[in-house]
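Student: I am sharing target_6.cif, which consists of mmCIF, C-alpha atoms:
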data_work
#
loop_
_atom_site.group_PDB
_atom_site.id
_atom_site.type_symbol
_atom_site.label_atom_id
_atom_site.label_comp_id
_atom_site.auth_asym_id
_atom_site.auth_seq_id
_atom_site.Cartn_x
_atom_site.Cartn_y
_atom_site.Cartn_z
ATOM 1 C CA MET G 1 0.000 0.000 0.000
ATOM 2 C CA GLU G 2 2.863 2.344 0.818
ATOM 3 C CA ASN G 3 4.349 1.784 -2.637
ATOM 4 C CA ILE G 4 1.141 2.879 -4.374
ATOM 5 C CA GLU G 5 0.997 6.035 -2.276
ATOM 6 C CA GLU G 6 4.625 6.859 -3.109
ATOM 7 C CA LEU G 7 3.949 6.304 -6.802
ATOM 8 C CA ASN G 8 0.855 8.513 -6.687
ATOM 9 C CA ASN G 9 2.887 11.276 -5.022
ATOM 10 C CA GLU G 10 5.565 10.915 -7.680
ATOM 11 C CA ILE G 11 2.933 11.081 -10.445
ATOM 12 C CA ARG G 12 1.480 14.275 -8.915
ATOM 13 C CA LYS G 13 4.930 15.837 -8.710
ATOM 14 C CA LEU G 14 5.754 14.917 -12.326
ATOM 15 C CA LYS G 15 2.419 16.303 -13.551
ATOM 16 C CA GLN G 16 3.176 19.615 -11.812
ATOM 17 C CA GLN G 17 6.646 19.735 -13.373
ATOM 18 C CA LEU G 18 5.221 18.948 -16.804
ATOM 19 C CA ALA G 19 2.599 21.685 -16.475
ATOM 20 C CA GLU G 20 5.308 24.183 -15.518
ATOM 21 C CA LYS G 21 7.510 23.152 -18.448
ATOM 22 C CA GLU G 22 4.606 23.442 -20.874
ATOM 23 C CA ARG G 23 3.862 26.925 -19.552
ATOM 24 C CA ILE G 24 7.474 27.998 -20.076
ATOM 25 C CA ILE G 25 7.751 26.366 -23.502
ATOM 26 C CA LYS G 26 4.655 28.220 -24.688
ATOM 27 C CA ASP G 27 6.197 31.558 -23.733
ATOM 28 C CA PRO G 28 8.820 32.444 -26.370
ATOM 29 C CA ALA G 29 10.030 35.399 -24.310
ATOM 30 C CA LYS G 30 11.020 33.125 -21.427
ATOM 31 C CA ARG G 31 12.547 30.589 -23.803
ATOM 32 C CA GLY G 32 14.575 33.392 -25.341
ATOM 33 C CA TYR G 33 15.657 34.635 -21.927
ATOM 34 C CA TYR G 34 16.852 31.175 -20.882
ATOM 35 C CA ALA G 35 18.661 30.692 -24.204
ATOM 36 C CA LEU G 36 20.479 34.025 -23.748
ATOM 37 C CA ASN G 37 21.219 33.158 -20.144
ATOM 38 C CA ARG G 38 22.723 29.805 -21.187
ATOM 39 C CA ILE G 39 24.962 31.523 -23.747
ATOM 40 C CA LEU G 40 25.999 34.098 -21.151
ATOM 41 C CA TYR G 41 27.025 31.342 -18.720
ATOM 42 C CA GLN G 42 29.063 29.684 -21.468
ATOM 43 C CA GLN G 43 30.819 32.958 -22.272
ATOM 44 C CA ILE G 44 31.621 33.598 -18.621
ATOM 45 C CA GLU G 45 32.946 30.054 -18.232
ATOM 46 C CA TYR G 46 35.122 30.528 -21.320
ATOM 47 C CA LEU G 47 36.509 33.807 -19.989
ATOM 48 C CA GLU G 48 37.229 32.218 -16.604
ATOM 49 C CA ASN G 49 39.393 29.630 -18.365
ATOM 50 C CA PHE G 50 40.996 32.094 -20.789
ATOM 51 C CA ASN G 51 44.684 32.669 -20.074
ATOM 52 C CA LEU G 52 45.686 36.126 -21.273
ATOM 53 C CA LYS G 53 49.388 35.471 -20.742
ATOM 54 C CA GLU G 54 49.323 32.476 -23.100
ATOM 55 C CA GLN G 55 47.192 34.158 -25.761
ATOM 56 C CA ILE G 56 48.725 37.632 -25.863
ATOM 57 C CA GLY G 57 51.960 36.287 -27.361
ATOM 58 C CA ALA G 58 50.302 34.294 -30.143
ATOM 59 C CA ASP G 59 50.590 35.464 -33.749
ATOM 60 C CA PRO G 60 47.342 37.423 -34.315
ATOM 61 C CA LYS G 61 47.298 36.607 -38.026
ATOM 62 C CA GLN G 62 47.377 32.870 -37.384
ATOM 63 C CA ASP G 63 45.533 32.591 -34.080
ATOM 64 C CA LYS G 64 42.234 34.447 -33.681
ATOM 65 C CA ILE G 65 41.503 33.176 -30.145
ATOM 66 C CA TYR G 66 42.596 36.426 -28.488
ATOM 67 C CA GLU G 67 40.388 38.533 -30.793
ATOM 68 C CA ARG G 68 37.390 36.266 -30.217
ATOM 69 C CA ALA G 69 37.869 36.318 -26.443
ATOM 70 C CA LYS G 70 38.257 40.097 -26.544
ATOM 71 C CA GLY G 71 34.935 40.331 -28.382
ATOM 72 C CA ILE G 72 33.332 38.285 -25.614
ATOM 73 C CA TRP G 73 34.729 40.325 -22.720
ATOM 74 C CA GLU G 74 33.844 43.589 -24.413
ATOM 75 C CA GLY G 75 30.215 42.500 -24.878
ATOM 76 C CA VAL G 76 29.602 40.484 -21.726
ATOM 77 C CA LYS G 77 28.753 43.492 -19.526
ATOM 78 C CA THR G 78 26.018 44.615 -21.918
ATOM 79 C CA MET G 79 24.679 41.081 -22.147
ATOM 80 C CA ILE G 80 24.584 40.733 -18.342
ATOM 81 C CA LEU G 81 22.683 44.006 -18.013
ATOM 82 C CA ASP G 82 20.318 43.040 -20.846
ATOM 83 C CA CYS G 83 19.599 39.656 -19.229
ATOM 84 C CA ARG G 84 19.005 41.311 -15.865
ATOM 85 C CA ALA G 85 16.585 43.816 -17.411
ATOM 86 C CA LEU G 86 14.796 41.075 -19.361
ATOM 87 C CA LYS G 87 14.452 38.946 -16.228
ATOM 88 C CA SER G 88 12.907 41.889 -14.410
ATOM 89 C CA GLU G 89 10.584 42.729 -17.307
ATOM 90 C CA LEU G 90 9.420 39.104 -17.610
ATOM 91 C CA LYS G 91 9.025 38.863 -13.816
ATOM 92 C CA ILE G 92 10.872 35.569 -13.630
ATOM 93 C CA PRO G 93 10.916 34.374 -10.014
ATOM 94 C CA PHE G 94 14.179 33.286 -8.421
ATOM 95 C CA GLU G 95 12.944 29.708 -7.904
ATOM 96 C CA GLU G 96 12.141 29.273 -11.603
ATOM 97 C CA GLU G 97 15.498 30.630 -12.682
ATOM 98 C CA GLU G 98 17.311 28.492 -10.128
ATOM 99 C CA LYS G 99 15.752 25.357 -11.680
ATOM 100 C CA GLU G 100 16.954 26.427 -15.128
ATOM 101 C CA ILE G 101 20.458 27.213 -13.870
ATOM 102 C CA LYS G 102 20.721 23.754 -12.344
ATOM 103 C CA LYS G 103 20.033 22.316 -15.797
ATOM 104 C CA ILE G 104 22.929 24.320 -17.229
ATOM 105 C CA TYR G 105 25.353 22.903 -14.666
ATOM 106 C CA ARG G 106 24.037 19.351 -14.591
ATOM 107 C CA THR G 107 26.580 16.916 -13.145
ATOM 108 C CA THR G 108 27.052 13.902 -15.378
ATOM 109 C CA PRO G 109 29.782 11.294 -15.702
ATOM 110 C CA GLU G 110 30.952 13.192 -18.786
ATOM 111 C CA SER G 111 31.117 16.538 -16.970
ATOM 112 C CA ILE G 112 33.140 14.942 -14.167
ATOM 113 C CA ALA G 113 35.451 13.323 -16.732
ATOM 114 C CA ASP G 114 35.909 16.678 -18.464
ATOM 115 C CA ALA G 115 36.774 18.293 -15.140
ATOM 116 C CA ILE G 116 39.536 15.751 -14.462
ATOM 117 C CA GLY G 117 41.008 15.730 -17.945
ATOM 118 C CA ASN G 118 38.539 14.312 -20.452
ATOM 119 C CA VAL G 119 38.880 10.635 -19.599
ATOM 120 C CA ALA G 120 35.241 9.712 -20.351
ATOM 121 C CA GLY G 121 34.932 6.125 -21.504
ATOM 122 C CA GLN G 122 38.622 5.363 -21.107
ATOM 123 C CA ILE G 123 39.752 2.267 -19.271
ATOM 124 C CA GLN G 124 42.705 2.701 -17.009
#
How does the structure come out when it is put into structure tokens?

Tutor:
Amino acid sequence: MENIEELNNEIRKLKQQLAEKERIIKDPAKRGYYALNRILYQQIEYLENFNLKEQIGADPKQDKIYERAKGIWEGVKTMILDCRALKSELKIPFEEEEKEIKKIYRTTPESIADAIGNVAGQIQ
């Protein structure tokens, strides 16, 4: 009997999550906000790993990494402010955004492997 009750609770929870997802998916403004937010997180992560000392000495004609990174850091402030303003305008609650952020930084075996040196699927 306890198992059936647990399953019913799980079904209720999943139905609520599905209803919330459907509501978000139907709103292109929120979808756009989350897409921009995801790109912003990727840019910030890239800049955090960018090593200026290594890239500044590269031949600019052959290696465009410095120029591309510079384009990111010059535009990231505007993008942050735009995302903040859009979040406010769309009235996105903190709890909803927190759920979306967790999806961006989902921990998987692959993400752990990447963090320790891209050893996913390798036998040692």

Student: Report the residues retrieved by the PyMOL selection byres ((chain G and resi 69-79) around 8) from the displayed file, expressed as a ChimeraX atom specification.

Tutor: /G:40,43-44,47,50,65-68,80-83

Student: Can you work out which one of G:Ala29, G:Leu14, G:Leu7, G:Ala19 has the shortest atom-to-atom distance to Lys87 of chain G, counting all atoms listed in the file?

Tutor: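 The answer is G:Ala29, which sits nearest to Lys87 of chain G.
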
Student: Provide the atom CA of Lys15 of chain G to atom CA of Asn37 of chain G distance in Å, to one decimal place.

Tutor: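 Going from atom CA of Lys15 of chain G over to atom CA of Asn37 of chain G covers 26.1 Å.
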
Student: Using the chain letters and numbers from this file, what does the PyMOL selection byres ((chain G and resi 90) around 12) select? Give the answer as a PyMOL selection string.

Tutor: chain G and resi 24+27-34+83-89+91-94+96-97

Student: Kindly give the distance, in Å, that separates atom CA of Lys99 of chain G and atom CA of Asn3 of chain G, rounded to a single decimal.

Tutor: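 Atom CA of Asn3 of chain G lies at a distance of 27.7 Å from atom CA of Lys99 of chain G.
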
Student: Between atom CA of Asn49 of chain G and atom CA of Lys61 of chain G, what is the spacing in Å?

Tutor: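 Taking atom CA of Lys61 of chain G and atom CA of Asn49 of chain G, their separation equals 22.3 Å.
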
Student: Can you patch up segment 56-67 of chain G, filling it in to all heavy atoms, and show the result as a short mmCIF file (atom, residue, chain, number, x, y, z; two decimals), keeping the file's coordinate frame?

Tutor:
data_model
loop_
_atom_site.label_atom_id
_atom_site.label_comp_id
_atom_site.auth_asym_id
_atom_site.auth_seq_id
_atom_site.Cartn_x
_atom_site.Cartn_y
_atom_site.Cartn_z
N ILE G 56 48.26 36.31 -25.43
CA ILE G 56 48.72 37.63 -25.86
C ILE G 56 49.96 37.50 -26.76
O ILE G 56 50.18 38.32 -27.65
CB ILE G 56 48.98 38.56 -24.66
CG1 ILE G 56 49.01 40.02 -25.09
CG2 ILE G 56 50.27 38.21 -23.95
CD1 ILE G 56 47.67 40.64 -25.16
N GLY G 57 50.74 36.45 -26.57
CA GLY G 57 51.96 36.29 -27.36
C GLY G 57 51.75 35.56 -28.68
O GLY G 57 52.65 35.49 -29.49
N ALA G 58 50.56 35.04 -28.91
CA ALA G 58 50.30 34.29 -30.14
C ALA G 58 50.29 35.24 -31.34
O ALA G 58 50.01 36.43 -31.22
CB ALA G 58 48.96 33.57 -30.03
N ASP G 59 50.60 34.69 -32.51
CA ASP G 59 50.59 35.46 -33.75
C ASP G 59 49.14 35.79 -34.11
O ASP G 59 48.36 34.90 -34.42
CB ASP G 59 51.24 34.65 -34.86
CG ASP G 59 51.29 35.40 -36.19
OD1 ASP G 59 50.93 36.60 -36.21
OD2 ASP G 59 51.72 34.80 -37.19
N PRO G 60 48.74 37.07 -34.09
CA PRO G 60 47.34 37.42 -34.32
C PRO G 60 46.83 37.07 -35.70
O PRO G 60 45.65 36.87 -35.90
CB PRO G 60 47.30 38.93 -34.08
CG PRO G 60 48.70 39.40 -34.12
CD PRO G 60 49.58 38.23 -33.83
N LYS G 61 47.73 36.96 -36.67
CA LYS G 61 47.30 36.61 -38.03
C LYS G 61 46.95 35.12 -38.13
O LYS G 61 46.11 34.74 -38.93
CB LYS G 61 48.38 36.97 -39.04
CG LYS G 61 48.56 38.46 -39.21
CD LYS G 61 49.62 38.77 -40.22
CE LYS G 61 49.80 40.29 -40.32
NZ LYS G 61 50.91 40.65 -41.19
N GLN G 62 47.60 34.32 -37.32
CA GLN G 62 47.38 32.87 -37.38
C GLN G 62 46.40 32.38 -36.32
O GLN G 62 45.73 31.39 -36.52
CB GLN G 62 48.70 32.14 -37.24
CG GLN G 62 49.66 32.50 -38.34
CD GLN G 62 50.50 31.32 -38.77
OE1 GLN G 62 50.45 30.27 -38.18
NE2 GLN G 62 51.26 31.51 -39.82
N ASP G 63 46.36 33.05 -35.19
CA ASP G 63 45.53 32.59 -34.08
C ASP G 63 44.54 33.69 -33.69
O ASP G 63 44.93 34.73 -33.20
CB ASP G 63 46.42 32.23 -32.89
CG ASP G 63 45.66 31.51 -31.80
OD1 ASP G 63 44.44 31.33 -31.93
OD2 ASP G 63 46.30 31.13 -30.80
N LYS G 64 43.28 33.44 -33.93
CA LYS G 64 42.23 34.45 -33.68
C LYS G 64 41.59 34.29 -32.29
O LYS G 64 40.61 34.96 -32.00
CB LYS G 64 41.14 34.35 -34.75
CG LYS G 64 41.65 34.53 -36.16
CD LYS G 64 42.06 35.95 -36.41
CE LYS G 64 42.48 36.14 -37.86
NZ LYS G 64 43.09 37.39 -38.11
N ILE G 65 42.11 33.42 -31.45
CA ILE G 65 41.50 33.18 -30.14
C ILE G 65 41.47 34.45 -29.31
O ILE G 65 40.45 34.77 -28.69
CB ILE G 65 42.24 32.04 -29.39
CG1 ILE G 65 42.02 30.72 -30.13
CG2 ILE G 65 41.75 31.94 -27.95
CD1 ILE G 65 42.81 29.56 -29.58
N TYR G 66 42.56 35.19 -29.28
CA TYR G 66 42.60 36.43 -28.49
C TYR G 66 41.51 37.40 -28.94
O TYR G 66 40.78 37.96 -28.14
CB TYR G 66 43.97 37.09 -28.57
CG TYR G 66 44.01 38.42 -27.86
CD1 TYR G 66 44.19 38.47 -26.49
CD2 TYR G 66 43.84 39.62 -28.55
CE1 TYR G 66 44.21 39.69 -25.82
CE2 TYR G 66 43.85 40.84 -27.89
CZ TYR G 66 44.04 40.87 -26.53
OH TYR G 66 44.04 42.07 -25.87
N GLU G 67 41.39 37.60 -30.26
CA GLU G 67 40.39 38.53 -30.79
C GLU G 67 38.97 38.09 -30.45
O GLU G 67 38.12 38.90 -30.12
CB GLU G 67 40.54 38.69 -32.31
CG GLU G 67 41.77 39.49 -32.71
CD GLU G 67 41.79 40.91 -32.14
OE1 GLU G 67 40.74 41.57 -32.14
OE2 GLU G 67 42.86 41.35 -31.70
#
